[in-house]
file model-v4.cif (mmCIF, C-alpha atoms)
data_run
#
loop_
_atom_site.group_PDB
_atom_site.id
_atom_site.type_symbol
_atom_site.label_atom_id
_atom_site.label_comp_id
_atom_site.auth_asym_id
_atom_site.auth_seq_id
_atom_site.Cartn_x
_atom_site.Cartn_y
_atom_site.Cartn_z
ATOM 1 C CA MET A 1 -22.428 -54.103 48.478
ATOM 2 C CA SER A 2 -23.606 -50.956 46.724
ATOM 3 C CA GLY A 3 -26.149 -51.166 43.936
ATOM 4 C CA ALA A 4 -25.295 -47.688 42.663
ATOM 5 C CA THR A 5 -24.926 -47.364 38.897
ATOM 6 C CA THR A 6 -22.209 -45.277 37.367
ATOM 7 C CA HIS A 7 -23.569 -43.046 34.613
ATOM 8 C CA VAL A 8 -21.214 -42.264 31.765
ATOM 9 C CA PRO A 9 -22.204 -39.061 29.952
ATOM 10 C CA ALA A 10 -23.119 -39.657 26.319
ATOM 11 C CA GLN A 11 -20.546 -38.268 23.936
ATOM 12 C CA ARG A 12 -21.851 -35.221 22.072
ATOM 13 C CA GLU A 13 -22.004 -35.473 18.315
ATOM 14 C CA PRO A 14 -20.121 -32.704 16.464
ATOM 15 C CA GLU A 15 -22.618 -30.066 15.346
ATOM 16 C CA LEU A 16 -21.274 -29.743 11.799
ATOM 17 C CA ALA A 17 -20.137 -33.292 11.080
ATOM 18 C CA GLY A 18 -20.125 -34.040 7.361
ATOM 19 C CA GLN A 19 -20.802 -30.418 6.397
ATOM 20 C CA THR A 20 -18.684 -27.959 4.428
ATOM 21 C CA VAL A 21 -18.098 -24.380 5.592
ATOM 22 C CA VAL A 22 -16.622 -21.652 3.369
ATOM 23 C CA VAL A 23 -15.189 -18.581 5.103
ATOM 24 C CA ILE A 24 -14.710 -15.533 2.885
ATOM 25 C CA GLY A 25 -12.038 -13.569 4.717
ATOM 26 C CA GLY A 26 -10.838 -16.472 6.817
ATOM 27 C CA SER A 27 -7.159 -15.724 7.289
ATOM 28 C CA ALA A 28 -7.433 -13.726 10.539
ATOM 29 C CA GLY A 29 -9.712 -12.502 13.302
ATOM 30 C CA ILE A 30 -13.357 -13.576 13.392
ATOM 31 C CA GLY A 31 -13.128 -15.519 10.137
ATOM 32 C CA LEU A 32 -10.146 -17.558 11.264
ATOM 33 C CA GLU A 33 -11.649 -18.265 14.688
ATOM 34 C CA THR A 34 -14.946 -19.348 13.118
ATOM 35 C CA ALA A 35 -13.084 -21.654 10.753
ATOM 36 C CA ARG A 36 -11.232 -23.174 13.706
ATOM 37 C CA ARG A 37 -14.484 -23.654 15.649
ATOM 38 C CA ALA A 38 -16.287 -25.168 12.654
ATOM 39 C CA ARG A 39 -13.396 -27.562 12.092
ATOM 40 C CA SER A 40 -13.562 -28.677 15.730
ATOM 41 C CA GLU A 41 -17.262 -29.391 15.187
ATOM 42 C CA GLY A 42 -16.472 -31.788 12.362
ATOM 43 C CA ALA A 43 -16.841 -29.498 9.343
ATOM 44 C CA ASP A 44 -14.712 -29.538 6.227
ATOM 45 C CA VAL A 45 -13.478 -25.932 5.995
ATOM 46 C CA ILE A 46 -12.486 -23.899 2.947
ATOM 47 C CA LEU A 47 -10.685 -20.612 3.595
ATOM 48 C CA THR A 48 -10.384 -17.643 1.266
ATOM 49 C CA GLY A 49 -8.470 -14.381 1.562
ATOM 50 C CA ARG A 50 -6.409 -11.907 -0.418
ATOM 51 C CA ASN A 51 -2.982 -12.683 1.012
ATOM 52 C CA ALA A 52 -1.753 -16.122 -0.065
ATOM 53 C CA ASP A 53 0.990 -16.384 2.579
ATOM 54 C CA ARG A 54 -1.295 -15.409 5.449
ATOM 55 C CA LEU A 55 -3.961 -17.748 4.097
ATOM 56 C CA GLU A 56 -1.548 -20.671 4.014
ATOM 57 C CA LYS A 57 -0.578 -20.046 7.628
ATOM 58 C CA ALA A 58 -4.255 -19.859 8.633
ATOM 59 C CA ALA A 59 -5.024 -23.125 6.837
ATOM 60 C CA LEU A 60 -2.255 -24.857 8.773
ATOM 61 C CA GLU A 61 -3.666 -23.508 12.058
ATOM 62 C CA VAL A 62 -7.166 -24.707 11.215
ATOM 63 C CA GLY A 63 -6.036 -28.056 9.873
ATOM 64 C CA THR A 64 -7.345 -27.797 6.327
ATOM 65 C CA ALA A 65 -5.584 -27.851 2.985
ATOM 66 C CA ARG A 66 -8.534 -26.262 1.195
ATOM 67 C CA ARG A 67 -7.952 -22.569 0.532
ATOM 68 C CA ALA A 68 -8.117 -20.041 -2.292
ATOM 69 C CA ALA A 69 -6.413 -16.643 -2.493
ATOM 70 C CA PHE A 70 -8.359 -13.971 -4.389
ATOM 71 C CA ASP A 71 -10.049 -10.588 -3.925
ATOM 72 C CA ALA A 72 -13.646 -11.231 -2.861
ATOM 73 C CA ASN A 73 -14.644 -7.814 -4.243
ATOM 74 C CA ASP A 74 -13.828 -9.082 -7.755
ATOM 75 C CA PRO A 75 -17.153 -10.590 -8.957
ATOM 76 C CA ALA A 76 -15.481 -12.664 -11.676
ATOM 77 C CA ALA A 77 -12.954 -14.173 -9.255
ATOM 78 C CA LEU A 78 -15.715 -14.855 -6.746
ATOM 79 C CA GLU A 79 -17.849 -16.627 -9.352
ATOM 80 C CA ARG A 80 -14.885 -18.733 -10.539
ATOM 81 C CA PHE A 81 -14.142 -19.794 -6.979
ATOM 82 C CA PHE A 82 -17.629 -21.156 -6.376
ATOM 83 C CA GLN A 83 -17.849 -22.739 -9.826
ATOM 84 C CA ASP A 84 -14.579 -24.595 -9.217
ATOM 85 C CA LEU A 85 -15.656 -26.104 -5.884
ATOM 86 C CA PRO A 86 -15.716 -29.906 -6.308
ATOM 87 C CA ALA A 87 -18.791 -30.649 -4.173
ATOM 88 C CA PRO A 88 -21.910 -28.976 -2.696
ATOM 89 C CA ILE A 89 -21.345 -26.771 0.344
ATOM 90 C CA ASP A 90 -23.468 -26.071 3.407
ATOM 91 C CA HIS A 91 -22.486 -22.721 4.879
ATOM 92 C CA VAL A 92 -20.788 -19.541 3.680
ATOM 93 C CA MET A 93 -19.620 -16.895 6.133
ATOM 94 C CA VAL A 94 -18.504 -13.488 4.853
ATOM 95 C CA THR A 95 -16.143 -11.548 7.119
ATOM 96 C CA ALA A 96 -14.245 -9.688 4.390
ATOM 97 C CA GLY A 97 -14.405 -5.901 4.470
ATOM 98 C CA GLY A 98 -14.243 -3.437 7.315
ATOM 99 C CA PRO A 99 -16.085 -0.361 8.607
ATOM 100 C CA HIS A 100 -15.827 3.030 6.915
ATOM 101 C CA TYR A 101 -15.999 6.260 8.887
ATOM 102 C CA GLY A 102 -15.913 9.953 8.062
ATOM 103 C CA PRO A 103 -18.199 12.976 7.564
ATOM 104 C CA LEU A 104 -20.569 12.349 4.643
ATOM 105 C CA LEU A 105 -19.876 15.666 2.926
ATOM 106 C CA GLU A 106 -16.141 14.958 2.935
ATOM 107 C CA MET A 107 -16.557 11.624 1.103
ATOM 108 C CA ASP A 108 -16.544 11.546 -2.685
ATOM 109 C CA SER A 109 -18.892 9.276 -4.636
ATOM 110 C CA GLY A 110 -16.234 6.591 -5.017
ATOM 111 C CA GLN A 111 -15.678 6.403 -1.267
ATOM 112 C CA VAL A 112 -19.416 6.132 -0.651
ATOM 113 C CA ARG A 113 -19.736 3.308 -3.194
ATOM 114 C CA GLU A 114 -16.824 1.497 -1.576
ATOM 115 C CA ALA A 115 -18.306 1.863 1.908
ATOM 116 C CA VAL A 116 -21.588 0.338 0.757
ATOM 117 C CA SER A 117 -20.148 -2.280 -1.613
ATOM 118 C CA GLU A 118 -17.940 -3.881 1.021
ATOM 119 C CA HIS A 119 -21.097 -5.005 2.790
ATOM 120 C CA MET A 120 -24.317 -5.234 0.777
ATOM 121 C CA VAL A 121 -22.890 -5.520 -2.735
ATOM 122 C CA LEU A 122 -20.306 -8.080 -1.646
ATOM 123 C CA ALA A 123 -23.015 -10.067 0.151
ATOM 124 C CA LEU A 124 -25.185 -9.987 -2.960
ATOM 125 C CA GLU A 125 -22.355 -11.180 -5.202
ATOM 126 C CA VAL A 126 -21.555 -14.003 -2.789
ATOM 127 C CA ALA A 127 -25.242 -14.982 -2.723
ATOM 128 C CA ARG A 128 -25.459 -15.047 -6.522
ATOM 129 C CA SER A 129 -22.325 -17.146 -6.869
ATOM 130 C CA ALA A 130 -22.900 -19.519 -3.946
ATOM 131 C CA VAL A 131 -26.619 -20.290 -3.873
ATOM 132 C CA GLY A 132 -26.504 -22.846 -6.689
ATOM 133 C CA ARG A 133 -23.821 -24.795 -4.829
ATOM 134 C CA MET A 134 -25.439 -24.758 -1.364
ATOM 135 C CA ARG A 135 -27.525 -27.509 0.184
ATOM 136 C CA PRO A 136 -31.026 -26.664 1.482
ATOM 137 C CA GLY A 137 -30.877 -25.661 5.152
ATOM 138 C CA GLY A 138 -27.388 -24.237 4.867
ATOM 139 C CA THR A 139 -26.792 -20.594 5.711
ATOM 140 C CA LEU A 140 -25.216 -17.521 4.211
ATOM 141 C CA LEU A 141 -23.871 -15.709 7.272
ATOM 142 C CA LEU A 142 -22.978 -12.013 7.055
ATOM 143 C CA MET A 143 -21.231 -9.650 9.450
ATOM 144 C CA GLY A 144 -22.506 -6.254 10.537
ATOM 145 C CA GLY A 145 -22.162 -4.087 13.622
ATOM 146 C CA THR A 146 -23.966 -2.386 16.490
ATOM 147 C CA GLY A 147 -21.570 0.480 17.128
ATOM 148 C CA ALA A 148 -22.931 2.800 14.420
ATOM 149 C CA ARG A 149 -26.632 2.434 15.287
ATOM 150 C CA ARG A 150 -26.484 5.804 17.004
ATOM 151 C CA VAL A 151 -25.894 8.479 14.402
ATOM 152 C CA GLY A 152 -23.015 10.779 15.259
ATOM 153 C CA HIS A 153 -20.367 12.976 13.670
ATOM 154 C CA GLY A 154 -18.193 10.884 11.392
ATOM 155 C CA LEU A 155 -20.545 7.895 11.535
ATOM 156 C CA GLY A 156 -22.948 8.847 8.747
ATOM 157 C CA ILE A 157 -22.059 6.252 6.129
ATOM 158 C CA ALA A 158 -21.467 3.552 8.751
ATOM 159 C CA SER A 159 -24.854 4.275 10.343
ATOM 160 C CA ALA A 160 -26.589 4.122 6.961
ATOM 161 C CA THR A 161 -25.039 0.752 6.144
ATOM 162 C CA THR A 162 -25.770 -0.592 9.631
ATOM 163 C CA ALA A 163 -29.446 0.371 9.333
ATOM 164 C CA ALA A 164 -29.773 -1.134 5.861
ATOM 165 C CA MET A 165 -28.304 -4.544 6.632
ATOM 166 C CA PRO A 166 -31.125 -6.197 8.678
ATOM 167 C CA PRO A 167 -33.901 -5.625 6.077
ATOM 168 C CA PHE A 168 -31.448 -6.546 3.321
ATOM 169 C CA VAL A 169 -30.744 -9.851 5.077
ATOM 170 C CA ALA A 170 -34.458 -10.528 5.643
ATOM 171 C CA ALA A 171 -35.269 -9.910 1.972
ATOM 172 C CA LEU A 172 -32.360 -12.063 0.840
ATOM 173 C CA ALA A 173 -33.534 -14.865 3.142
ATOM 174 C CA LEU A 174 -36.883 -14.947 1.340
ATOM 175 C CA GLU A 175 -35.267 -15.002 -2.088
ATOM 176 C CA LEU A 176 -32.659 -17.649 -1.285
ATOM 177 C CA ALA A 177 -34.922 -20.033 0.670
ATOM 178 C CA PRO A 178 -34.507 -22.885 1.513
ATOM 179 C CA VAL A 179 -30.919 -21.625 1.949
ATOM 180 C CA ARG A 180 -30.943 -19.489 5.101
ATOM 181 C CA VAL A 181 -29.498 -15.980 5.451
ATOM 182 C CA ASN A 182 -28.532 -14.416 8.792
ATOM 183 C CA LEU A 183 -26.588 -11.441 10.123
ATOM 184 C CA ILE A 184 -24.238 -11.224 13.097
ATOM 185 C CA ALA A 185 -24.028 -7.650 14.439
ATOM 186 C CA ALA A 186 -20.912 -7.261 16.565
ATOM 187 C CA GLY A 187 -19.637 -4.396 18.660
ATOM 188 C CA PHE A 188 -15.954 -4.016 19.436
ATOM 189 C CA VAL A 189 -14.212 -7.377 18.960
ATOM 190 C CA ASP A 190 -10.582 -7.747 20.009
ATOM 191 C CA THR A 191 -9.069 -8.684 16.643
ATOM 192 C CA PRO A 192 -5.998 -7.709 14.619
ATOM 193 C CA LEU A 193 -8.271 -5.371 12.610
ATOM 194 C CA SER A 194 -9.287 -3.564 15.807
ATOM 195 C CA ALA A 195 -5.628 -3.305 16.779
ATOM 196 C CA SER A 196 -4.721 -1.771 13.420
ATOM 197 C CA LEU A 197 -7.553 0.762 13.628
ATOM 198 C CA LEU A 198 -6.826 1.852 17.207
ATOM 199 C CA GLY A 199 -3.042 1.656 17.201
ATOM 200 C CA GLY A 200 -1.679 2.963 20.492
ATOM 201 C CA ARG A 201 -5.199 3.399 21.929
ATOM 202 C CA LEU A 202 -5.939 -0.345 21.894
ATOM 203 C CA GLU A 203 -5.210 -1.065 25.545
ATOM 204 C CA GLU A 204 -7.032 2.093 26.628
ATOM 205 C CA ARG A 205 -10.111 0.912 24.723
ATOM 206 C CA ARG A 206 -9.880 -2.574 26.248
ATOM 207 C CA ASN A 207 -9.733 -1.133 29.755
ATOM 208 C CA GLU A 208 -12.652 1.184 29.041
ATOM 209 C CA LEU A 209 -14.793 -1.732 27.868
ATOM 210 C CA ARG A 210 -13.819 -3.948 30.801
ATOM 211 C CA ALA A 211 -14.991 -1.191 33.125
ATOM 212 C CA THR A 212 -18.263 -0.365 31.353
ATOM 213 C CA LEU A 213 -19.630 -3.464 29.613
ATOM 214 C CA PRO A 214 -22.267 -5.423 31.563
ATOM 215 C CA ILE A 215 -20.303 -8.628 30.901
ATOM 216 C CA GLY A 216 -17.172 -7.148 32.515
ATOM 217 C CA ARG A 217 -14.834 -8.217 29.738
ATOM 218 C CA VAL A 218 -13.989 -7.575 26.104
ATOM 219 C CA VAL A 219 -15.712 -9.588 23.375
ATOM 220 C CA GLY A 220 -13.258 -11.789 21.473
ATOM 221 C CA PRO A 221 -13.301 -13.672 18.164
ATOM 222 C CA ALA A 222 -14.128 -16.942 19.972
ATOM 223 C CA ASP A 223 -17.395 -15.405 21.225
ATOM 224 C CA VAL A 224 -18.468 -14.531 17.694
ATOM 225 C CA ALA A 225 -17.310 -17.895 16.363
ATOM 226 C CA ALA A 226 -19.471 -19.740 18.893
ATOM 227 C CA LEU A 227 -22.512 -17.757 17.753
ATOM 228 C CA ALA A 228 -21.687 -18.335 14.091
ATOM 229 C CA VAL A 229 -21.486 -22.104 14.499
ATOM 230 C CA HIS A 230 -24.760 -22.124 16.438
ATOM 231 C CA ILE A 231 -26.494 -20.251 13.602
ATOM 232 C CA MET A 232 -25.059 -22.711 11.103
ATOM 233 C CA SER A 233 -26.270 -25.735 13.041
ATOM 234 C CA ASN A 234 -29.741 -24.462 14.014
ATOM 235 C CA THR A 235 -31.837 -24.816 10.857
ATOM 236 C CA ALA A 236 -34.775 -22.823 12.305
ATOM 237 C CA LEU A 237 -32.837 -19.546 12.062
ATOM 238 C CA THR A 238 -33.162 -17.338 8.988
ATOM 239 C CA GLY A 239 -33.660 -13.703 8.066
ATOM 240 C CA ALA A 240 -32.568 -12.540 11.516
ATOM 241 C CA THR A 241 -29.950 -10.278 13.102
ATOM 242 C CA TYR A 242 -28.049 -11.474 16.165
ATOM 243 C CA ASP A 243 -26.310 -8.858 18.328
ATOM 244 C CA ILE A 244 -23.093 -9.763 20.092
ATOM 245 C CA ASP A 245 -21.448 -6.785 21.743
ATOM 246 C CA GLY A 246 -21.474 -7.532 25.473
ATOM 247 C CA GLY A 247 -24.104 -4.811 25.969
ATOM 248 C CA GLN A 248 -21.932 -2.118 24.400
ATOM 249 C CA GLN A 249 -24.798 -0.415 22.580
ATOM 250 C CA PHE A 250 -26.610 0.184 25.861
ATOM 251 C CA VAL A 251 -23.749 1.833 27.723
ATOM 252 C CA SER A 252 -21.795 3.675 25.022
#

call {"tool": "encode", "arguments": {"input": "model-v4.cif", "output": "structure tokens"}}
result
Amino acid sequence: MSGATTHVPAQREPELAGQTVVVIGGSAGIGLETARRARSEGADVILTGRNADRLEKAALEVGTARRAAFDANDPAALERFFQDLPAPIDHVMVTAGGPHYGPLLEMDSGQVREAVSEHMVLALEVARSAVGRMRPGGTLLLMGGTGARRVGHGLGIASATTAAMPPFVAALALELAPVRVNLIAAGFVDTPLSASLLGGRLEERRNELRATLPIGRVVGPADVAALAVHIMSNTALTGATYDIDGGQQFVS
């Protein structure tokens, strides 16, 4: 008769149980995947986006009825959204906005303002509107990139914004404490936005990355979502930038 004992692994507690996550730009790509991951970790998720129909579809995929359609670059609409939230929130992730490219001297002042405002100004407006509703230890999570760290033709404004984001995040973390502020810097991520930017060159770019990246594959939205949820759940992380590009910046 054997005296061996069968060990049953302890069930892991969801990392975000009882917490509320707001995703600004959560109807597709990284935002949608992060919302899905946060929901699977027990969070109550609130999605926002510009397109009401796409947002409704995303909410059904995630399994949440809480959503709001508005333009996040409208400060008044952004403030109303946070003021109307019925309860305190824990985490806000901002994925709205995309990269801007082009020679600096060919951009007018309006284009330059837009390129900057879709990142730092939007982040600042979100911080102003959200901080009074956030619990201590929660995080404001922003998105940046690694691809424009090397200055090149047509990358001037993107490189400037990329360089400015880490110190901006660190300064904001000091001002918003005990709410945390962190930045995810991604390289190429295989999202609908990437597909729209590359068009017919999408598969060529995928194959190029599979052949050159140290990880041997393309980074996807689920990779970024896993990092985002970790940053939300680990309350020791603030004022920092976390690269996730599969080593792209070292081989490009």

call {"tool": "residues_around", "arguments": {"input": "model-v4.cif", "residues": "Met232 (chain A)", "least_positions_apart": "4", "cutoff": "7 Å", "atoms": "all atoms listed in the file", "output": "PyMOL selection string"}}
result
chain A and resi 91+138-139+228

call {"tool": "closest_residue", "arguments": {"input": "model-v4.cif", "among": "A:Val23, A:Leu142, A:Ala35, A:Ala69", "to": "Ala240 (chain A)", "atoms": "only C-alpha atoms"}}
result
A:Leu142

call {"tool": "resolve_selection", "arguments": {"input": "model-v4.cif", "expression": "the PyMOL selection byres ((chain A and resi 178) around 10)", "output": "ChimeraX atom specification"}}
result
/A:131,134-139,173-177,179-181,235,238

call {"tool": "closest_residue", "arguments": {"input": "model-v4.cif", "among": "A:Pro86, A:Thr161, A:Ala68, A:Asn207", "to": "Arg113 (chain A)", "atoms": "only C-alpha atoms"}}
result
A:Thr161

call {"tool": "axis_aligned_box", "arguments": {"input": "model-v4.cif", "around": "region 69-84 of chain A", "padding_each_side": "3 Å", "output": "JSON"}}
result
{"center_x": -12.1, "center_y": -16.2, "center_z": -7.1, "size_x": 17.4, "size_y": 22.8, "size_z": 15.2}

call {"tool": "closest_residue", "arguments": {"input": "model-v4.cif", "among": "A:Leu55, A:Met143, A:Ala127, A:Val218", "to": "Glu204 (chain A)", "atoms": "all atoms listed in the file"}}
result
A:Val218

call {"tool": "decode", "arguments": {"input": "model-v4.cif", "residues": "region 216-228 of chain A", "atoms": "N, CA, C and O atoms", "output": "short mmCIF file (atom, residue, chain, number, x, y, z; two decimals), in the first residue's frame"}}
result
data_model
loop_
_atom_site.label_atom_id
_atom_site.label_comp_id
_atom_site.auth_asym_id
_atom_site.auth_seq_id
_atom_site.Cartn_x
_atom_site.Cartn_y
_atom_site.Cartn_z
N GLY A 216 12.44 35.31 -32.87
CA GLY A 216 12.03 34.46 -33.98
C GLY A 216 10.57 34.52 -34.34
O GLY A 216 10.08 33.66 -35.08
N ARG A 217 9.88 35.52 -33.89
CA ARG A 217 8.46 35.67 -34.22
C ARG A 217 8.06 37.14 -34.10
O ARG A 217 8.84 37.97 -33.61
N VAL A 218 6.86 37.43 -34.56
CA VAL A 218 6.35 38.80 -34.51
C VAL A 218 5.65 39.04 -33.17
O VAL A 218 4.95 38.16 -32.66
N VAL A 219 5.84 40.21 -32.60
CA VAL A 219 5.15 40.58 -31.37
C VAL A 219 3.69 40.85 -31.67
O VAL A 219 3.35 41.54 -32.64
N GLY A 220 2.80 40.29 -30.85
CA GLY A 220 1.36 40.48 -31.04
C GLY A 220 0.73 41.24 -29.90
O GLY A 220 1.35 41.46 -28.85
N PRO A 221 -0.54 41.63 -30.04
CA PRO A 221 -1.24 42.36 -28.99
C PRO A 221 -1.28 41.62 -27.66
O PRO A 221 -1.23 42.24 -26.60
N ALA A 222 -1.34 40.28 -27.70
CA ALA A 222 -1.40 39.50 -26.46
C ALA A 222 -0.11 39.65 -25.65
O ALA A 222 -0.15 39.62 -24.42
N ASP A 223 1.02 39.83 -26.33
CA ASP A 223 2.29 40.04 -25.64
C ASP A 223 2.26 41.34 -24.85
O ASP A 223 2.67 41.41 -23.69
N VAL A 224 1.77 42.39 -25.49
CA VAL A 224 1.70 43.70 -24.84
C VAL A 224 0.67 43.67 -23.71
O VAL A 224 0.88 44.24 -22.65
N ALA A 225 -0.44 42.99 -23.95
CA ALA A 225 -1.49 42.90 -22.93
C ALA A 225 -0.98 42.22 -21.67
O ALA A 225 -1.30 42.63 -20.54
N ALA A 226 -0.18 41.17 -21.83
CA ALA A 226 0.37 40.46 -20.67
C ALA A 226 1.26 41.39 -19.85
O ALA A 226 1.22 41.38 -18.61
N LEU A 227 2.07 42.21 -20.53
CA LEU A 227 2.92 43.16 -19.84
C LEU A 227 2.08 44.22 -19.14
O LEU A 227 2.35 44.60 -17.99
N ALA A 228 1.05 44.71 -19.81
CA ALA A 228 0.19 45.74 -19.24
C ALA A 228 -0.46 45.27 -17.94
O ALA A 228 -0.47 46.00 -16.94
#
